[in-house]
>>> print(open('work-v6.txt').read())   # compact mmCIF, N, CA and C atoms
# COMPACT_ATOMS: atom_id res chain seq x y z
N MET A 157 14.12 132.23 140.69
CA MET A 157 12.72 132.64 140.72
C MET A 157 12.34 133.15 139.33
N ALA A 158 11.20 132.71 138.85
CA ALA A 158 10.69 133.18 137.57
C ALA A 158 10.14 134.59 137.74
N VAL A 159 10.17 135.35 136.68
CA VAL A 159 9.64 136.71 136.72
C VAL A 159 8.12 136.64 136.58
N GLU A 160 7.43 137.29 137.49
CA GLU A 160 5.97 137.33 137.46
C GLU A 160 5.50 138.75 137.69
N LEU A 161 4.39 139.11 137.06
CA LEU A 161 3.77 140.40 137.34
C LEU A 161 3.11 140.29 138.71
N ASN A 162 3.39 141.24 139.59
CA ASN A 162 2.83 141.24 140.94
C ASN A 162 1.63 142.17 141.06
N HIS A 163 1.76 143.39 140.52
CA HIS A 163 0.66 144.35 140.56
C HIS A 163 0.89 145.42 139.50
N THR A 164 -0.17 146.12 139.21
CA THR A 164 -0.06 147.29 138.35
C THR A 164 -1.03 148.34 138.87
N ILE A 165 -0.70 149.59 138.66
CA ILE A 165 -1.55 150.69 139.11
C ILE A 165 -2.45 151.11 137.96
N VAL A 166 -3.74 151.20 138.25
CA VAL A 166 -4.73 151.61 137.27
C VAL A 166 -5.19 153.01 137.64
N HIS A 167 -4.83 154.00 136.83
CA HIS A 167 -5.24 155.38 137.08
C HIS A 167 -6.74 155.52 136.84
N SER A 168 -7.42 156.17 137.75
CA SER A 168 -8.87 156.29 137.71
C SER A 168 -9.31 157.68 138.10
N ARG A 169 -10.46 158.10 137.56
CA ARG A 169 -11.07 159.36 138.01
C ARG A 169 -11.51 159.23 139.46
N ASP A 170 -11.99 158.03 139.82
CA ASP A 170 -12.45 157.75 141.17
C ASP A 170 -12.10 156.29 141.46
N LYS A 171 -11.12 156.06 142.33
CA LYS A 171 -10.62 154.70 142.54
C LYS A 171 -11.71 153.75 143.04
N ARG A 172 -12.59 154.23 143.90
CA ARG A 172 -13.67 153.37 144.40
C ARG A 172 -14.63 152.99 143.27
N GLU A 173 -15.04 153.98 142.48
CA GLU A 173 -15.97 153.72 141.38
C GLU A 173 -15.37 152.70 140.41
N SER A 174 -14.11 152.88 140.04
CA SER A 174 -13.49 151.97 139.08
C SER A 174 -13.29 150.58 139.66
N ALA A 175 -12.85 150.49 140.90
CA ALA A 175 -12.66 149.17 141.54
C ALA A 175 -14.00 148.46 141.68
N GLU A 176 -15.03 149.17 142.07
CA GLU A 176 -16.35 148.55 142.23
C GLU A 176 -16.93 148.13 140.88
N PHE A 177 -16.75 148.95 139.85
CA PHE A 177 -17.19 148.58 138.50
C PHE A 177 -16.57 147.25 138.10
N PHE A 178 -15.28 147.15 138.28
CA PHE A 178 -14.53 145.97 137.88
C PHE A 178 -14.95 144.74 138.70
N THR A 179 -15.00 144.90 140.03
CA THR A 179 -15.33 143.75 140.87
C THR A 179 -16.77 143.29 140.67
N GLU A 180 -17.68 144.22 140.52
CA GLU A 180 -19.08 143.83 140.32
C GLU A 180 -19.27 143.14 138.98
N LEU A 181 -18.58 143.60 137.96
CA LEU A 181 -18.71 143.02 136.64
C LEU A 181 -18.16 141.59 136.60
N LEU A 182 -17.05 141.36 137.30
CA LEU A 182 -16.38 140.05 137.24
C LEU A 182 -16.62 139.17 138.46
N GLY A 183 -17.46 139.62 139.38
CA GLY A 183 -17.75 138.79 140.55
C GLY A 183 -16.56 138.64 141.48
N LEU A 184 -15.77 139.69 141.60
CA LEU A 184 -14.59 139.70 142.49
C LEU A 184 -14.87 140.57 143.70
N GLU A 185 -13.88 140.71 144.56
CA GLU A 185 -14.00 141.58 145.72
C GLU A 185 -12.79 142.51 145.79
N ILE A 186 -13.01 143.66 146.39
CA ILE A 186 -11.89 144.56 146.67
C ILE A 186 -11.10 143.92 147.80
N ALA A 187 -9.81 143.68 147.56
CA ALA A 187 -8.97 142.99 148.54
C ALA A 187 -8.63 143.89 149.72
N GLY A 188 -8.65 145.19 149.50
CA GLY A 188 -8.34 146.11 150.58
C GLY A 188 -7.96 147.47 150.07
N GLU A 189 -7.87 148.39 151.01
CA GLU A 189 -7.44 149.75 150.70
C GLU A 189 -6.12 149.96 151.41
N SER A 190 -5.14 150.42 150.66
CA SER A 190 -3.82 150.66 151.23
C SER A 190 -3.31 151.98 150.67
N GLY A 191 -3.16 152.95 151.55
CA GLY A 191 -2.72 154.26 151.11
C GLY A 191 -3.66 154.80 150.05
N PRO A 192 -3.12 155.18 148.90
CA PRO A 192 -3.97 155.77 147.85
C PRO A 192 -4.63 154.74 146.93
N PHE A 193 -4.61 153.46 147.28
CA PHE A 193 -5.06 152.41 146.37
C PHE A 193 -6.22 151.58 146.91
N PHE A 194 -7.09 151.15 145.99
CA PHE A 194 -8.04 150.07 146.23
C PHE A 194 -7.48 148.90 145.43
N ALA A 195 -7.15 147.81 146.11
CA ALA A 195 -6.54 146.65 145.45
C ALA A 195 -7.59 145.59 145.14
N VAL A 196 -7.50 145.05 143.92
CA VAL A 196 -8.34 143.94 143.50
C VAL A 196 -7.40 142.82 143.08
N GLU A 197 -7.51 141.68 143.76
CA GLU A 197 -6.62 140.56 143.46
C GLU A 197 -7.27 139.63 142.46
N LEU A 198 -6.49 139.24 141.45
CA LEU A 198 -6.94 138.30 140.43
C LEU A 198 -6.55 136.88 140.86
N SER A 199 -7.08 135.88 140.19
CA SER A 199 -6.87 134.50 140.60
C SER A 199 -5.41 134.05 140.53
N ASN A 200 -4.59 134.72 139.73
CA ASN A 200 -3.17 134.36 139.64
C ASN A 200 -2.30 135.17 140.59
N GLY A 201 -2.92 135.87 141.55
CA GLY A 201 -2.18 136.61 142.56
C GLY A 201 -1.80 138.03 142.18
N VAL A 202 -2.00 138.41 140.93
CA VAL A 202 -1.71 139.78 140.49
C VAL A 202 -2.80 140.70 141.05
N THR A 203 -2.40 141.89 141.51
CA THR A 203 -3.40 142.85 141.95
C THR A 203 -3.43 144.04 141.00
N LEU A 204 -4.65 144.54 140.83
CA LEU A 204 -4.86 145.81 140.15
C LEU A 204 -5.07 146.82 141.26
N ASP A 205 -4.20 147.81 141.33
CA ASP A 205 -4.26 148.83 142.38
C ASP A 205 -4.84 150.10 141.78
N PHE A 206 -6.12 150.34 142.05
CA PHE A 206 -6.82 151.50 141.50
C PHE A 206 -6.47 152.74 142.31
N ALA A 207 -6.06 153.80 141.62
CA ALA A 207 -5.66 155.06 142.25
C ALA A 207 -6.38 156.22 141.58
N THR A 208 -6.86 157.15 142.38
CA THR A 208 -7.51 158.35 141.85
C THR A 208 -6.45 159.36 141.44
N ILE A 209 -6.55 159.83 140.21
CA ILE A 209 -5.69 160.92 139.73
C ILE A 209 -6.57 161.88 138.93
N PRO A 210 -6.10 163.08 138.66
CA PRO A 210 -6.91 164.01 137.86
C PRO A 210 -7.26 163.41 136.49
N ALA A 211 -8.50 163.57 136.09
CA ALA A 211 -8.99 162.97 134.84
C ALA A 211 -8.12 163.35 133.63
N ASP A 212 -7.61 164.57 133.60
CA ASP A 212 -6.81 164.99 132.44
C ASP A 212 -5.43 164.35 132.42
N LYS A 213 -5.06 163.63 133.47
CA LYS A 213 -3.77 162.94 133.53
C LYS A 213 -3.88 161.46 133.17
N ILE A 214 -5.10 160.98 132.94
CA ILE A 214 -5.31 159.56 132.65
C ILE A 214 -5.04 159.30 131.17
N SER A 215 -4.14 158.37 130.91
CA SER A 215 -3.88 157.89 129.55
C SER A 215 -4.56 156.53 129.44
N PRO A 216 -5.58 156.40 128.60
CA PRO A 216 -6.27 155.12 128.51
C PRO A 216 -5.32 153.98 128.18
N GLN A 217 -5.48 152.90 128.91
CA GLN A 217 -4.68 151.69 128.73
C GLN A 217 -5.60 150.55 128.33
N HIS A 218 -5.01 149.45 127.88
CA HIS A 218 -5.76 148.25 127.52
C HIS A 218 -5.49 147.18 128.56
N TYR A 219 -6.56 146.60 129.09
CA TYR A 219 -6.46 145.51 130.06
C TYR A 219 -7.29 144.35 129.55
N ALA A 220 -6.65 143.20 129.32
CA ALA A 220 -7.35 142.02 128.80
C ALA A 220 -7.33 140.94 129.88
N PHE A 221 -8.48 140.29 130.07
CA PHE A 221 -8.63 139.29 131.12
C PHE A 221 -9.12 137.98 130.53
N LEU A 222 -8.35 136.93 130.78
CA LEU A 222 -8.73 135.59 130.37
C LEU A 222 -9.66 135.03 131.44
N VAL A 223 -10.87 134.65 131.02
CA VAL A 223 -11.89 134.17 131.96
C VAL A 223 -12.45 132.84 131.46
N SER A 224 -13.08 132.11 132.36
CA SER A 224 -13.72 130.85 131.98
C SER A 224 -15.00 131.16 131.19
N GLU A 225 -15.55 130.15 130.57
CA GLU A 225 -16.81 130.30 129.84
C GLU A 225 -17.92 130.78 130.79
N GLU A 226 -17.97 130.21 131.99
CA GLU A 226 -18.98 130.59 132.97
C GLU A 226 -18.81 132.03 133.43
N GLU A 227 -17.57 132.43 133.67
CA GLU A 227 -17.30 133.81 134.07
C GLU A 227 -17.66 134.78 132.95
N PHE A 228 -17.38 134.38 131.71
CA PHE A 228 -17.74 135.22 130.57
C PHE A 228 -19.26 135.39 130.51
N ASP A 229 -19.99 134.28 130.63
CA ASP A 229 -21.46 134.35 130.59
C ASP A 229 -21.99 135.31 131.64
N ALA A 230 -21.49 135.20 132.86
CA ALA A 230 -21.97 136.05 133.95
C ALA A 230 -21.61 137.51 133.71
N ALA A 231 -20.37 137.78 133.31
CA ALA A 231 -19.94 139.16 133.06
C ALA A 231 -20.69 139.76 131.88
N TYR A 232 -20.87 138.98 130.82
CA TYR A 232 -21.56 139.50 129.65
C TYR A 232 -23.03 139.79 129.97
N ALA A 233 -23.63 138.97 130.80
CA ALA A 233 -25.01 139.24 131.22
C ALA A 233 -25.07 140.56 132.00
N ARG A 234 -24.07 140.83 132.84
CA ARG A 234 -24.03 142.09 133.59
C ARG A 234 -23.79 143.28 132.66
N ILE A 235 -22.94 143.10 131.67
CA ILE A 235 -22.68 144.17 130.69
C ILE A 235 -23.98 144.55 129.99
N ARG A 236 -24.72 143.55 129.52
CA ARG A 236 -25.98 143.81 128.82
C ARG A 236 -27.03 144.39 129.76
N ALA A 237 -27.14 143.85 130.97
CA ALA A 237 -28.15 144.33 131.92
C ALA A 237 -27.91 145.79 132.30
N ARG A 238 -26.66 146.21 132.35
CA ARG A 238 -26.32 147.58 132.71
C ARG A 238 -26.30 148.53 131.52
N GLY A 239 -26.51 147.99 130.35
CA GLY A 239 -26.50 148.83 129.16
C GLY A 239 -25.13 149.38 128.82
N ILE A 240 -24.08 148.65 129.17
CA ILE A 240 -22.71 149.10 128.89
C ILE A 240 -22.42 148.90 127.40
N GLU A 241 -21.98 149.96 126.74
CA GLU A 241 -21.59 149.83 125.34
C GLU A 241 -20.48 148.80 125.24
N HIS A 242 -20.62 147.90 124.30
CA HIS A 242 -19.60 146.86 124.12
C HIS A 242 -19.51 146.50 122.65
N TYR A 243 -18.39 145.88 122.31
CA TYR A 243 -18.06 145.62 120.91
C TYR A 243 -17.37 144.28 120.76
N ALA A 244 -17.49 143.73 119.56
CA ALA A 244 -16.81 142.48 119.24
C ALA A 244 -15.36 142.71 118.84
N ASP A 245 -14.99 143.95 118.61
CA ASP A 245 -13.66 144.25 118.10
C ASP A 245 -13.06 145.46 118.82
N PRO A 246 -11.72 145.54 118.86
CA PRO A 246 -11.08 146.66 119.55
C PRO A 246 -11.28 148.00 118.85
N GLY A 247 -11.56 147.98 117.56
CA GLY A 247 -11.80 149.22 116.82
C GLY A 247 -13.20 149.76 117.02
N ARG A 248 -14.01 149.05 117.76
CA ARG A 248 -15.38 149.43 118.10
C ARG A 248 -16.25 149.66 116.85
N THR A 249 -16.12 148.75 115.88
CA THR A 249 -16.95 148.84 114.68
C THR A 249 -18.10 147.85 114.69
N GLN A 250 -18.09 146.91 115.65
CA GLN A 250 -19.14 145.90 115.73
C GLN A 250 -19.84 146.01 117.09
N PRO A 251 -20.78 146.97 117.22
CA PRO A 251 -21.43 147.20 118.51
C PRO A 251 -22.39 146.09 118.92
N ASN A 252 -22.55 145.97 120.24
CA ASN A 252 -23.52 145.04 120.84
C ASN A 252 -23.32 143.60 120.38
N ALA A 253 -22.06 143.21 120.25
CA ALA A 253 -21.74 141.87 119.78
C ALA A 253 -20.48 141.36 120.48
N ILE A 254 -20.27 140.07 120.39
CA ILE A 254 -19.04 139.46 120.87
C ILE A 254 -18.33 138.83 119.68
N ASN A 255 -17.08 138.44 119.88
CA ASN A 255 -16.35 137.74 118.82
C ASN A 255 -16.17 136.27 119.22
N HIS A 256 -15.71 135.49 118.26
CA HIS A 256 -15.46 134.06 118.49
C HIS A 256 -14.04 133.72 118.05
N ASN A 257 -13.12 134.63 118.34
CA ASN A 257 -11.73 134.46 117.92
C ASN A 257 -11.09 133.25 118.59
N ASP A 258 -10.28 132.54 117.83
CA ASP A 258 -9.51 131.38 118.31
C ASP A 258 -10.38 130.30 118.94
N GLY A 259 -11.66 130.26 118.54
CA GLY A 259 -12.55 129.24 119.05
C GLY A 259 -13.18 129.56 120.40
N GLY A 260 -12.97 130.78 120.87
CA GLY A 260 -13.56 131.19 122.15
C GLY A 260 -14.50 132.35 121.93
N ARG A 261 -14.66 133.14 122.96
CA ARG A 261 -15.50 134.34 122.87
C ARG A 261 -14.76 135.51 123.49
N GLY A 262 -15.05 136.72 122.98
CA GLY A 262 -14.42 137.91 123.51
C GLY A 262 -15.32 139.11 123.36
N VAL A 263 -15.08 140.11 124.20
CA VAL A 263 -15.84 141.35 124.16
C VAL A 263 -14.96 142.50 124.65
N TYR A 264 -15.20 143.68 124.12
CA TYR A 264 -14.47 144.90 124.47
C TYR A 264 -15.45 145.94 125.00
N PHE A 265 -15.01 146.72 126.01
CA PHE A 265 -15.84 147.79 126.57
C PHE A 265 -14.92 148.75 127.32
N LEU A 266 -15.46 149.90 127.70
CA LEU A 266 -14.68 150.88 128.45
C LEU A 266 -15.06 150.83 129.92
N ASP A 267 -14.08 151.09 130.79
CA ASP A 267 -14.39 151.24 132.21
C ASP A 267 -14.74 152.70 132.48
N PRO A 268 -15.14 153.06 133.71
CA PRO A 268 -15.57 154.44 133.97
C PRO A 268 -14.51 155.51 133.71
N SER A 269 -13.23 155.13 133.68
CA SER A 269 -12.17 156.10 133.44
C SER A 269 -11.68 156.09 131.99
N GLY A 270 -12.32 155.29 131.14
CA GLY A 270 -11.98 155.27 129.73
C GLY A 270 -10.93 154.26 129.33
N HIS A 271 -10.58 153.33 130.24
CA HIS A 271 -9.64 152.28 129.88
C HIS A 271 -10.34 151.24 129.01
N TYR A 272 -9.59 150.67 128.08
CA TYR A 272 -10.10 149.67 127.16
C TYR A 272 -10.02 148.30 127.82
N MET A 273 -11.16 147.71 128.13
CA MET A 273 -11.22 146.42 128.80
C MET A 273 -11.60 145.34 127.81
N GLU A 274 -11.03 144.17 128.00
CA GLU A 274 -11.33 143.04 127.13
C GLU A 274 -11.49 141.79 127.98
N LEU A 275 -12.51 141.02 127.69
CA LEU A 275 -12.69 139.70 128.29
C LEU A 275 -12.58 138.69 127.17
N LEU A 276 -11.82 137.60 127.38
CA LEU A 276 -11.70 136.56 126.39
C LEU A 276 -11.63 135.20 127.07
N THR A 277 -12.14 134.19 126.39
CA THR A 277 -12.18 132.85 126.97
C THR A 277 -11.08 131.93 126.45
N VAL A 278 -10.42 132.34 125.38
CA VAL A 278 -9.31 131.59 124.81
C VAL A 278 -8.20 132.58 124.51
N PRO A 279 -6.95 132.28 124.91
CA PRO A 279 -5.88 133.23 124.63
C PRO A 279 -5.65 133.40 123.13
N TYR A 280 -5.07 134.53 122.76
CA TYR A 280 -4.74 134.77 121.35
C TYR A 280 -3.90 133.62 120.82
N GLY A 281 -4.26 133.13 119.65
CA GLY A 281 -3.53 132.01 119.06
C GLY A 281 -4.08 130.65 119.50
N GLY A 282 -5.01 130.64 120.42
CA GLY A 282 -5.59 129.40 120.91
C GLY A 282 -4.77 128.76 122.02
N TRP A 283 -5.31 127.70 122.57
CA TRP A 283 -4.62 126.98 123.64
C TRP A 283 -3.48 126.16 123.05
N PRO A 284 -2.37 126.04 123.77
CA PRO A 284 -1.25 125.22 123.27
C PRO A 284 -1.69 123.77 123.03
N ALA A 285 -1.14 123.16 122.03
CA ALA A 285 -1.51 121.75 121.69
C ALA A 285 -0.91 120.78 122.68
>>> encode(input="work-v6.txt", output="structure tokens")
Amino acid sequence: MAVELNHTIVHSRDKRESAEFFTELLGLEIAGESGPFFAVELSNGVTLDFATIPADKISPQHYAFLVSEEEFDAAYARIRARGIEHYADPGRTQPNAINHNDGGRGVYFLDPSGHYMELLTVPYGGWPA
């Protein structure tokens, strides 16, 4: 069996708020609530399990999501419509813009708990030849 990522826990100030932010932005659904988690399943079967923890215990993490051009268009329209601060770069020096790295498009923004989120349409280094 090949090694695959199955799930990861995303620490949140409010698990429902963070899961809903994510699902609404990307057009996904909450797969279910199990114990202390709200699970969101991605197309490759990996789940993000959002859990509420005290805000002072949250260490911001980076989550990057490879999306189609259509998914990017829809998510970016939602980002702009909601007035979410976003940037073309991870250092947040290019506000209200996207990048065109590796021949695709990308954008960076924060989720409600301060995690660094990234959407990109082409993986780093481009698609394999």
>>> residues_around(input="work-v6.txt", residues="Glu241 (chain A)", least_positions_apart="3", cutoff="6.5 Å", atoms="all atoms listed in the file", output="list in words")
Asn252, Tyr264, Phe265 and Leu266 of chain A
>>> select_by_dssp(input="work-v6.txt", residues="chain A", states="strand (DSSP E)", output="PyMOL selection string")
chain A and resi 163-168+186-190+193-197+203-208+218-222+242-243+262-266+272-276
>>> closest_residue(input="work-v6.txt", among="A:Pro216, A:Gly201, A:Gly247, A:Pro192", to="Glu160 (chain A)", atoms="only C-alpha atoms")
A:Gly201
>>> residues_around(input="work-v6.txt", residues="Phe193 (chain A)", least_positions_apart="3", cutoff="5 Å", atoms="all atoms listed in the file", output="VMD selection string")
chain A and resid 189 to 190 206 to 207
>>> atom_distance(input="work-v6.txt", atom1="CA of Val278 (chain A)", atom2="CA of His167 (chain A)")
27.1 Å
>>> atom_distance(input="work-v6.txt", atom1="atom N of Pro210 (chain A)", atom2="CA of His271 (chain A)")
14.4 Å
>>> atom_distance(input="work-v6.txt", atom1="atom C of Gly282 (chain A)", atom2="atom C of Gly260 (chain A)")
10.4 Å
>>> axis_aligned_box(input="work-v6.txt", around="region 240-259 of chain A", padding_each_side="8 Å", output="JSON")
{"center_x": -16.8, "center_y": 139.6, "center_z": 121.9, "size_x": 30.6, "size_y": 36.7, "size_z": 30.5}
>>> closest_residue(input="work-v6.txt", among="A:Val196, A:Tyr232, A:Thr179, A:Ser174", to="Asn162 (chain A)", atoms="only C-alpha atoms")
A:Val196
>>> closest_residue(input="work-v6.txt", among="A:Lys213, A:Arg169, A:Arg248, A:His256", to="Gly270 (chain A)", atoms="all atoms listed in the file")
A:Arg169
>>> closest_residue(input="work-v6.txt", among="A:Leu275, A:Leu204, A:Ile240, A:Leu181", to="Leu222 (chain A)", atoms="all atoms listed in the file")
A:Leu275
>>> residues_around(input="work-v6.txt", residues="Thr203 (chain A)", least_positions_apart="5", cutoff="7 Å", atoms="only C-alpha atoms", output="ChimeraX atom specification")
/A:162-164,195-198
>>> closest_residue(input="work-v6.txt", among="A:Val159, A:Ala220, A:Ile209, A:Leu182", to="Tyr272 (chain A)", atoms="all atoms listed in the file")
A:Ala220
>>> residues_around(input="work-v6.txt", residues="Glu227 (chain A)", least_positions_apart="4", cutoff="12 Å", atoms="only C-alpha atoms", output="list in words")
Glu180, Leu181, Leu182, Gly183, Leu184, Phe221, Leu222, Val223, Ala231, Tyr232, Ala233, Arg234, Arg261, Gly262, Leu275, Leu276 and Thr277 of chain A
>>> closest_residue(input="work-v6.txt", among="A:Ala244, A:Ile165, A:Ala158, A:Ala175", to="Pro268 (chain A)", atoms="only N, CA and C atoms")
A:Ala175
